[in-house]
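One structure is given here, and the rest of the page talks about it.
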Amino acid sequence: MSAVRDRIAFEAEERERLASYAVASSASRGRVHPEPEHRYRTAFARDRDRIVHSRAFRRLEYKTQVFVYHEGDHLRNRLTHTLEASQIARTMARALRLNEELAEAIVLAHDLGHTPFGHAGERVLARLMQEHGGFDHNRQSLRIVDWLEDRYPGFRGLNLGYETREGILKHGCHWEHPVVVPTATRQPCLEAQIADRADEIAYTNHDLDDGLRSGLLSLEELDAIPLWRDAHREVSERAASRPSVWRAQTVLALINRLSNDLVEHTAARLEKAAPADVDAVRATPERFVAFGASLGPAFLELKRHLRKALYEHPHVQMRNAQAEPVIGDLFRAYASGRKPLPDHVRARCDEDGEMRAIADYVAGMTDRFALAEHAALTGAA
């Protein structure tokens, strides 16, 4: 027996291991531009690797999650959020006999389109682009992988597989896009549904952790939320001699509880409905991937508290207010010609339109680059 296992062997193993309603790599609908298959990597492993090697992925390190990058070395950024979410997605996909490489690839790409300064920056660009086709980060993520990354001689973008792009697309495409988009269906594939929930579980729990670490949240206020309180008490009893680890262990306990509940109740729905294949999943009126009847409302209560106590906290709002003029001033300066565009951006204006090219450029900036560009613009450097 050969010591080497190639793509054909991995695809055969998938067909044995995956459920009938999972997306097998060998059954992918393919890429926009046909390419020879890789000798050792499956289609979705290749997608994952292309995303990780992209420039947009590297820039996530200096893009805001909740706190601006210079507020603390231990606080999450878009890159660390993405990595945490991808590993949650892999665990849940594997437990449900889904394609974990596909779920991972979707999560790794899902935030590529985020602007500097998180949702505050996105709101500014959406207003500025209102008369020019609009802007949102999901759309921008697909635009990056389909068009803006420039790594291959035969095509623009990363030329990802259909199902990876389907997962990135999320809510359908109602805008002009440079290449053909996946067909809108009632639901995406299960791997995309898993990716959405892994993102939600990851950001809720690490934002709790960062909120506590920053001092904007307190254990006392969180203990009024049943889902947190139950996990915190269980951890406190189990690790009574190590109070220094209680916060981290509570966050881990919550991730486990949410992930386990999601897997178990999703499995029960799949067993009951028994969808024959991925197309049957796409045609289902409601998503299979969801929490149980008791945990779903409890999780929603925790998220509502997080929104009020952290995302709407005066400190976070102040940082957002400081960030918004940076995006607006830069966009208007480029649009008016007061600040010249780099040659590679100017070269795209004829093909993509000047406003879209400017939006692509500003959205792709890291927090620190946008701040430096704004300081140079205003003379505050």
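Ordering of the structure tokens sets the chain letters (A, B, ...); residue numbers start at 1 within each chain; ligands are numbered from 1 in the order shown.
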Which residues are near segment 205-211 of chain A? Cut-off 10 Å, only C-alpha atoms, ignore same chain within fewer than 6 positions. Put them as a JSON list (two decimals) with N, CA and C atoms, in the first residue's frame.
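Contents of result_19.json, freshly written:
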[["chain", "number", "residue", "atom", "x", "y", "z"],
["A", 65, "GLN", "N", -12.85, 44.44, 15.69],
["A", 65, "GLN", "CA", -13.99, 43.59, 16.05],
["A", 65, "GLN", "C", -14.97, 44.43, 16.87],
["A", 66, "VAL", "N", -14.64, 44.73, 18.12],
["A", 66, "VAL", "CA", -15.38, 45.71, 18.92],
["A", 66, "VAL", "C", -14.46, 46.85, 19.31],
["A", 67, "PHE", "N", -13.22, 46.49, 19.70],
["A", 67, "PHE", "CA", -12.26, 47.47, 20.17],
["A", 67, "PHE", "C", -11.24, 47.76, 19.07],
["A", 72, "GLY", "N", -5.62, 47.24, 23.05],
["A", 72, "GLY", "CA", -5.12, 46.15, 23.88],
["A", 72, "GLY", "C", -4.66, 44.99, 23.02],
["A", 74, "HIS", "N", -4.51, 41.89, 23.86],
["A", 74, "HIS", "CA", -5.23, 40.65, 24.14],
["A", 74, "HIS", "C", -6.68, 40.68, 23.67],
["A", 75, "LEU", "N", -7.12, 41.80, 23.12],
["A", 75, "LEU", "CA", -8.50, 41.93, 22.65],
["A", 75, "LEU", "C", -8.61, 41.41, 21.21],
["A", 76, "ARG", "N", -9.77, 40.89, 20.87],
["A", 76, "ARG", "CA", -9.94, 40.29, 19.54],
["A", 76, "ARG", "C", -9.93, 41.33, 18.44],
["A", 80, "THR", "N", -8.61, 37.23, 14.58],
["A", 80, "THR", "CA", -8.75, 36.24, 15.65],
["A", 80, "THR", "C", -10.20, 35.78, 15.76],
["A", 81, "HIS", "N", -11.15, 36.69, 15.55],
["A", 81, "HIS", "CA", -12.56, 36.26, 15.53],
["A", 81, "HIS", "C", -12.78, 35.20, 14.46],
["A", 84, "GLU", "N", -11.33, 31.81, 15.46],
["A", 84, "GLU", "CA", -12.12, 31.15, 16.51],
["A", 84, "GLU", "C", -13.41, 30.58, 15.92],
["A", 85, "ALA", "N", -14.08, 31.37, 15.10],
["A", 85, "ALA", "CA", -15.33, 30.91, 14.49],
["A", 85, "ALA", "C", -15.10, 29.71, 13.58],
["A", 217, "LEU", "N", -17.85, 45.48, 30.91],
["A", 217, "LEU", "CA", -18.84, 44.57, 31.47],
["A", 217, "LEU", "C", -18.37, 44.12, 32.85],
["A", 218, "SER", "N", -19.30, 43.74, 33.70],
["A", 218, "SER", "CA", -18.95, 43.23, 35.02],
["A", 218, "SER", "C", -19.59, 41.87, 35.24],
["A", 222, "LEU", "N", -23.59, 40.41, 34.55],
["A", 222, "LEU", "CA", -23.82, 39.21, 33.74],
["A", 222, "LEU", "C", -24.48, 38.10, 34.54],
["A", 228, "TRP", "N", -25.58, 32.91, 31.33],
["A", 228, "TRP", "CA", -24.26, 33.16, 31.88],
["A", 228, "TRP", "C", -24.16, 32.67, 33.32],
["A", 247, "ARG", "N", -13.37, 33.36, 34.42],
["A", 247, "ARG", "CA", -13.92, 34.05, 33.24],
["A", 247, "ARG", "C", -13.70, 33.23, 31.98],
["A", 248, "ALA", "N", -12.45, 32.82, 31.78],
["A", 248, "ALA", "CA", -12.14, 32.05, 30.58],
["A", 248, "ALA", "C", -12.90, 30.73, 30.55],
["A", 250, "THR", "N", -15.77, 30.08, 31.98],
["A", 250, "THR", "CA", -17.20, 30.34, 31.74],
["A", 250, "THR", "C", -17.47, 30.53, 30.26],
["A", 251, "VAL", "N", -16.60, 31.28, 29.60],
["A", 251, "VAL", "CA", -16.74, 31.49, 28.16],
["A", 251, "VAL", "C", -16.64, 30.15, 27.42],
["A", 252, "LEU", "N", -15.68, 29.32, 27.80],
["A", 252, "LEU", "CA", -15.55, 28.00, 27.17],
["A", 252, "LEU", "C", -16.78, 27.13, 27.43],
["A", 253, "ALA", "N", -17.31, 27.20, 28.67],
["A", 253, "ALA", "CA", -18.50, 26.42, 29.00],
["A", 253, "ALA", "C", -19.69, 26.86, 28.15],
["A", 254, "LEU", "N", -19.81, 28.16, 27.91],
["A", 254, "LEU", "CA", -20.90, 28.67, 27.07],
["A", 254, "LEU", "C", -20.74, 28.21, 25.62],
["A", 255, "ILE", "N", -19.52, 28.28, 25.11],
["A", 255, "ILE", "CA", -19.29, 27.83, 23.73],
["A", 255, "ILE", "C", -19.67, 26.36, 23.59],
["A", 302, "LEU", "N", -29.10, 36.79, 26.24],
["A", 302, "LEU", "CA", -27.70, 37.13, 26.48],
["A", 302, "LEU", "C", -27.20, 38.09, 25.40],
["A", 303, "LYS", "N", -27.55, 37.85, 24.15],
["A", 303, "LYS", "CA", -27.11, 38.73, 23.07],
["A", 303, "LYS", "C", -27.71, 40.13, 23.21],
["A", 306, "LEU", "N", -25.77, 41.95, 25.77],
["A", 306, "LEU", "CA", -24.47, 42.32, 25.23],
["A", 306, "LEU", "C", -24.57, 43.56, 24.33],
["A", 309, "ALA", "N", -25.25, 46.57, 26.80],
["A", 309, "ALA", "CA", -24.21, 46.87, 27.78],
["A", 309, "ALA", "C", -22.83, 47.08, 27.15],
["A", 310, "LEU", "N", -22.56, 46.46, 25.99],
["A", 310, "LEU", "CA", -21.23, 46.58, 25.39],
["A", 310, "LEU", "C", -21.26, 47.37, 24.08],
["A", 311, "TYR", "N", -22.02, 46.91, 23.10],
["A", 311, "TYR", "CA", -22.00, 47.58, 21.80],
["A", 311, "TYR", "C", -22.53, 49.01, 21.87]]
Within 7 Å of segment 272-283 of chain A, counting only C-alpha atoms, which residues show up once you throw out same-chain ones fewer than 3 positions away? Write them as a count of residues only, please.
-> 11
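Distances to Val124 of chain A were evaluated for A:Pro243, A:Arg307, A:Val235, A:Asp136 using only C-alpha atoms, and the minimum falls at A:Asp136.
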Please tabulate, as JSON lines, the residues of segment 94-202 of chain A that come within 12 Å of segment 24-34 of chain A, each with its closest pair of atoms and the distance in Å to one decimal, counting only C-alpha atoms and ordering rows by chain, then residue number upward.
{"residue": "A:Arg97", "atom": "CA", "partner": "A:Ala24", "partner_atom": "CA", "distance": 10.7}
{"residue": "A:Leu98", "atom": "CA", "partner": "A:Ala24", "partner_atom": "CA", "distance": 8.5}
{"residue": "A:Asn99", "atom": "CA", "partner": "A:Ala24", "partner_atom": "CA", "distance": 6.7}
{"residue": "A:Glu100", "atom": "CA", "partner": "A:Ala24", "partner_atom": "CA", "distance": 10.2}
{"residue": "A:Glu101", "atom": "CA", "partner": "A:Ser25", "partner_atom": "CA", "distance": 9.1}
{"residue": "A:Leu102", "atom": "CA", "partner": "A:Ser25", "partner_atom": "CA", "distance": 8.4}
{"residue": "A:Ala103", "atom": "CA", "partner": "A:Ala24", "partner_atom": "CA", "distance": 11.8}
{"residue": "A:Val145", "atom": "CA", "partner": "A:Val32", "partner_atom": "CA", "distance": 11.6}
{"residue": "A:Asp146", "atom": "CA", "partner": "A:Val32", "partner_atom": "CA", "distance": 8.9}
{"residue": "A:Trp147", "atom": "CA", "partner": "A:Val32", "partner_atom": "CA", "distance": 11.4}
{"residue": "A:Tyr152", "atom": "CA", "partner": "A:His33", "partner_atom": "CA", "distance": 11.3}
{"residue": "A:Pro153", "atom": "CA", "partner": "A:His33", "partner_atom": "CA", "distance": 11.7}
{"residue": "A:Gly154", "atom": "CA", "partner": "A:His33", "partner_atom": "CA", "distance": 8.4}
{"residue": "A:Phe155", "atom": "CA", "partner": "A:His33", "partner_atom": "CA", "distance": 7.3}
{"residue": "A:Arg156", "atom": "CA", "partner": "A:His33", "partner_atom": "CA", "distance": 9.6}
{"residue": "A:Gly157", "atom": "CA", "partner": "A:Val32", "partner_atom": "CA", "distance": 10.3}
{"residue": "A:Leu158", "atom": "CA", "partner": "A:Arg31", "partner_atom": "CA", "distance": 9.7}
{"residue": "A:Asn159", "atom": "CA", "partner": "A:Arg31", "partner_atom": "CA", "distance": 6.0}
{"residue": "A:Leu160", "atom": "CA", "partner": "A:Arg31", "partner_atom": "CA", "distance": 5.9}
{"residue": "A:Gly161", "atom": "CA", "partner": "A:Arg31", "partner_atom": "CA", "distance": 4.7}
{"residue": "A:Tyr162", "atom": "CA", "partner": "A:Gly30", "partner_atom": "CA", "distance": 5.6}
{"residue": "A:Glu163", "atom": "CA", "partner": "A:Ser28", "partner_atom": "CA", "distance": 6.9}
{"residue": "A:Thr164", "atom": "CA", "partner": "A:Ser28", "partner_atom": "CA", "distance": 9.6}
{"residue": "A:Arg165", "atom": "CA", "partner": "A:Arg31", "partner_atom": "CA", "distance": 9.4}
{"residue": "A:Glu166", "atom": "CA", "partner": "A:Arg29", "partner_atom": "CA", "distance": 10.7}
{"residue": "A:Pro178", "atom": "CA", "partner": "A:Val32", "partner_atom": "CA", "distance": 11.3}
{"residue": "A:Val179", "atom": "CA", "partner": "A:Val32", "partner_atom": "CA", "distance": 7.8}
{"residue": "A:Val180", "atom": "CA", "partner": "A:Val32", "partner_atom": "CA", "distance": 7.6}
{"residue": "A:Val181", "atom": "CA", "partner": "A:Val32", "partner_atom": "CA", "distance": 9.1}
{"residue": "A:Pro182", "atom": "CA", "partner": "A:Arg29", "partner_atom": "CA", "distance": 9.8}
{"residue": "A:Thr183", "atom": "CA", "partner": "A:Arg29", "partner_atom": "CA", "distance": 11.4}
{"residue": "A:Cys189", "atom": "CA", "partner": "A:Ala24", "partner_atom": "CA", "distance": 11.3}
{"residue": "A:Leu190", "atom": "CA", "partner": "A:Ala24", "partner_atom": "CA", "distance": 11.8}
{"residue": "A:Glu191", "atom": "CA", "partner": "A:Ala24", "partner_atom": "CA", "distance": 10.8}
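Note that the spacing between atom CA of Asp352 of chain A and atom CA of Arg151 of chain A amounts to 18.6 Å.
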In Å, how far is it from atom CA of Lys339 of chain A to atom CA of Tyr361 of chain A?
-> 13.0 Å
What gap, in Å, lies between atom CA of Val263 of chain A and atom CA of Arg197 of chain A?
->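 Distance between the two atoms: 10.7 Å.
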Give me, as a Markdown table, each residue of segment 287-373 of chain A that comes within 9 Å of segment 51-59 of chain A, together with its shortest interatomic pair and the distance in Å at one decimal, counting only C-alpha atoms, with rows ordered by chain and rising residue number.
| residue | atom | partner | partner_atom | distance |
| --- | --- | --- | --- | --- |
| A:Gly364 | CA | A:Ala56 | CA | 7.2 |
| A:Met365 | CA | A:Arg59 | CA | 7.7 |
| A:Thr366 | CA | A:Arg59 | CA | 6.1 |
Running DSSP on the backbone, which parts of segment 268-323 of chain A land in alpha helix (DSSP H), as a PyMOL selection string?
-> chain A and resi 268-273+278-282+295-306+314-323
Within 12 Å of Arg39 of chain A using only C-alpha atoms, minus same-chain residues under 3 positions, as a list in words |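 Once the nearby chain positions are removed, what remains is Val4, Arg5, Asp6, Arg7, Ile8, Ala9, Phe10, Glu11, Pro36, Thr42, Ala43, Ala45 and Arg46 of chain A.
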Limited to N, CA and C atoms, could you put the picked residues into a file as an mmCIF file, in the first residue's frame?
data_model
loop_
_atom_site.group_PDB
_atom_site.id
_atom_site.type_symbol
_atom_site.label_atom_id
_atom_site.label_comp_id
_atom_site.auth_asym_id
_atom_site.auth_seq_id
_atom_site.Cartn_x
_atom_site.Cartn_y
_atom_site.Cartn_z
ATOM 1 N N VAL A 4 1.339 7.415 0.253
ATOM 2 C CA VAL A 4 0.766 8.691 -0.185
ATOM 3 C C VAL A 4 -0.734 8.531 -0.430
ATOM 4 N N ARG A 5 -1.499 9.471 0.077
ATOM 5 C CA ARG A 5 -2.942 9.511 -0.213
ATOM 6 C C ARG A 5 -3.230 10.772 -1.011
ATOM 7 N N ASP A 6 -3.857 10.630 -2.148
ATOM 8 C CA ASP A 6 -4.110 11.780 -3.016
ATOM 9 C C ASP A 6 -5.559 12.241 -2.912
ATOM 10 N N ARG A 7 -5.901 13.235 -3.739
ATOM 11 C CA ARG A 7 -7.248 13.798 -3.703
ATOM 12 C C ARG A 7 -8.321 12.738 -3.974
ATOM 13 N N ILE A 8 -8.064 11.854 -4.883
ATOM 14 C CA ILE A 8 -9.040 10.805 -5.205
ATOM 15 C C ILE A 8 -9.354 9.981 -3.956
ATOM 16 N N ALA A 9 -8.325 9.661 -3.185
ATOM 17 C CA ALA A 9 -8.527 8.884 -1.955
ATOM 18 C C ALA A 9 -9.322 9.695 -0.933
ATOM 19 N N PHE A 10 -9.006 10.988 -0.810
ATOM 20 C CA PHE A 10 -9.743 11.829 0.134
ATOM 21 C C PHE A 10 -11.213 11.953 -0.271
ATOM 22 N N GLU A 11 -11.465 12.075 -1.569
ATOM 23 C CA GLU A 11 -12.848 12.178 -2.039
ATOM 24 C C GLU A 11 -13.612 10.885 -1.780
ATOM 25 N N PRO A 36 -7.820 22.675 -13.588
ATOM 26 C CA PRO A 36 -7.472 21.286 -13.250
ATOM 27 C C PRO A 36 -7.535 21.091 -11.736
ATOM 28 N N THR A 42 -8.580 18.508 -1.801
ATOM 29 C CA THR A 42 -9.952 18.539 -2.298
ATOM 30 C C THR A 42 -10.303 19.963 -2.720
ATOM 31 N N ALA A 43 -11.431 20.110 -3.390
ATOM 32 C CA ALA A 43 -11.845 21.429 -3.891
ATOM 33 C C ALA A 43 -11.983 22.437 -2.762
ATOM 34 N N ALA A 45 -10.707 22.240 0.396
ATOM 35 C CA ALA A 45 -9.418 22.481 1.045
ATOM 36 C C ALA A 45 -8.638 23.525 0.250
ATOM 37 N N ARG A 46 -8.751 23.450 -1.051
ATOM 38 C CA ARG A 46 -8.092 24.433 -1.914
ATOM 39 C C ARG A 46 -8.697 25.822 -1.720
#
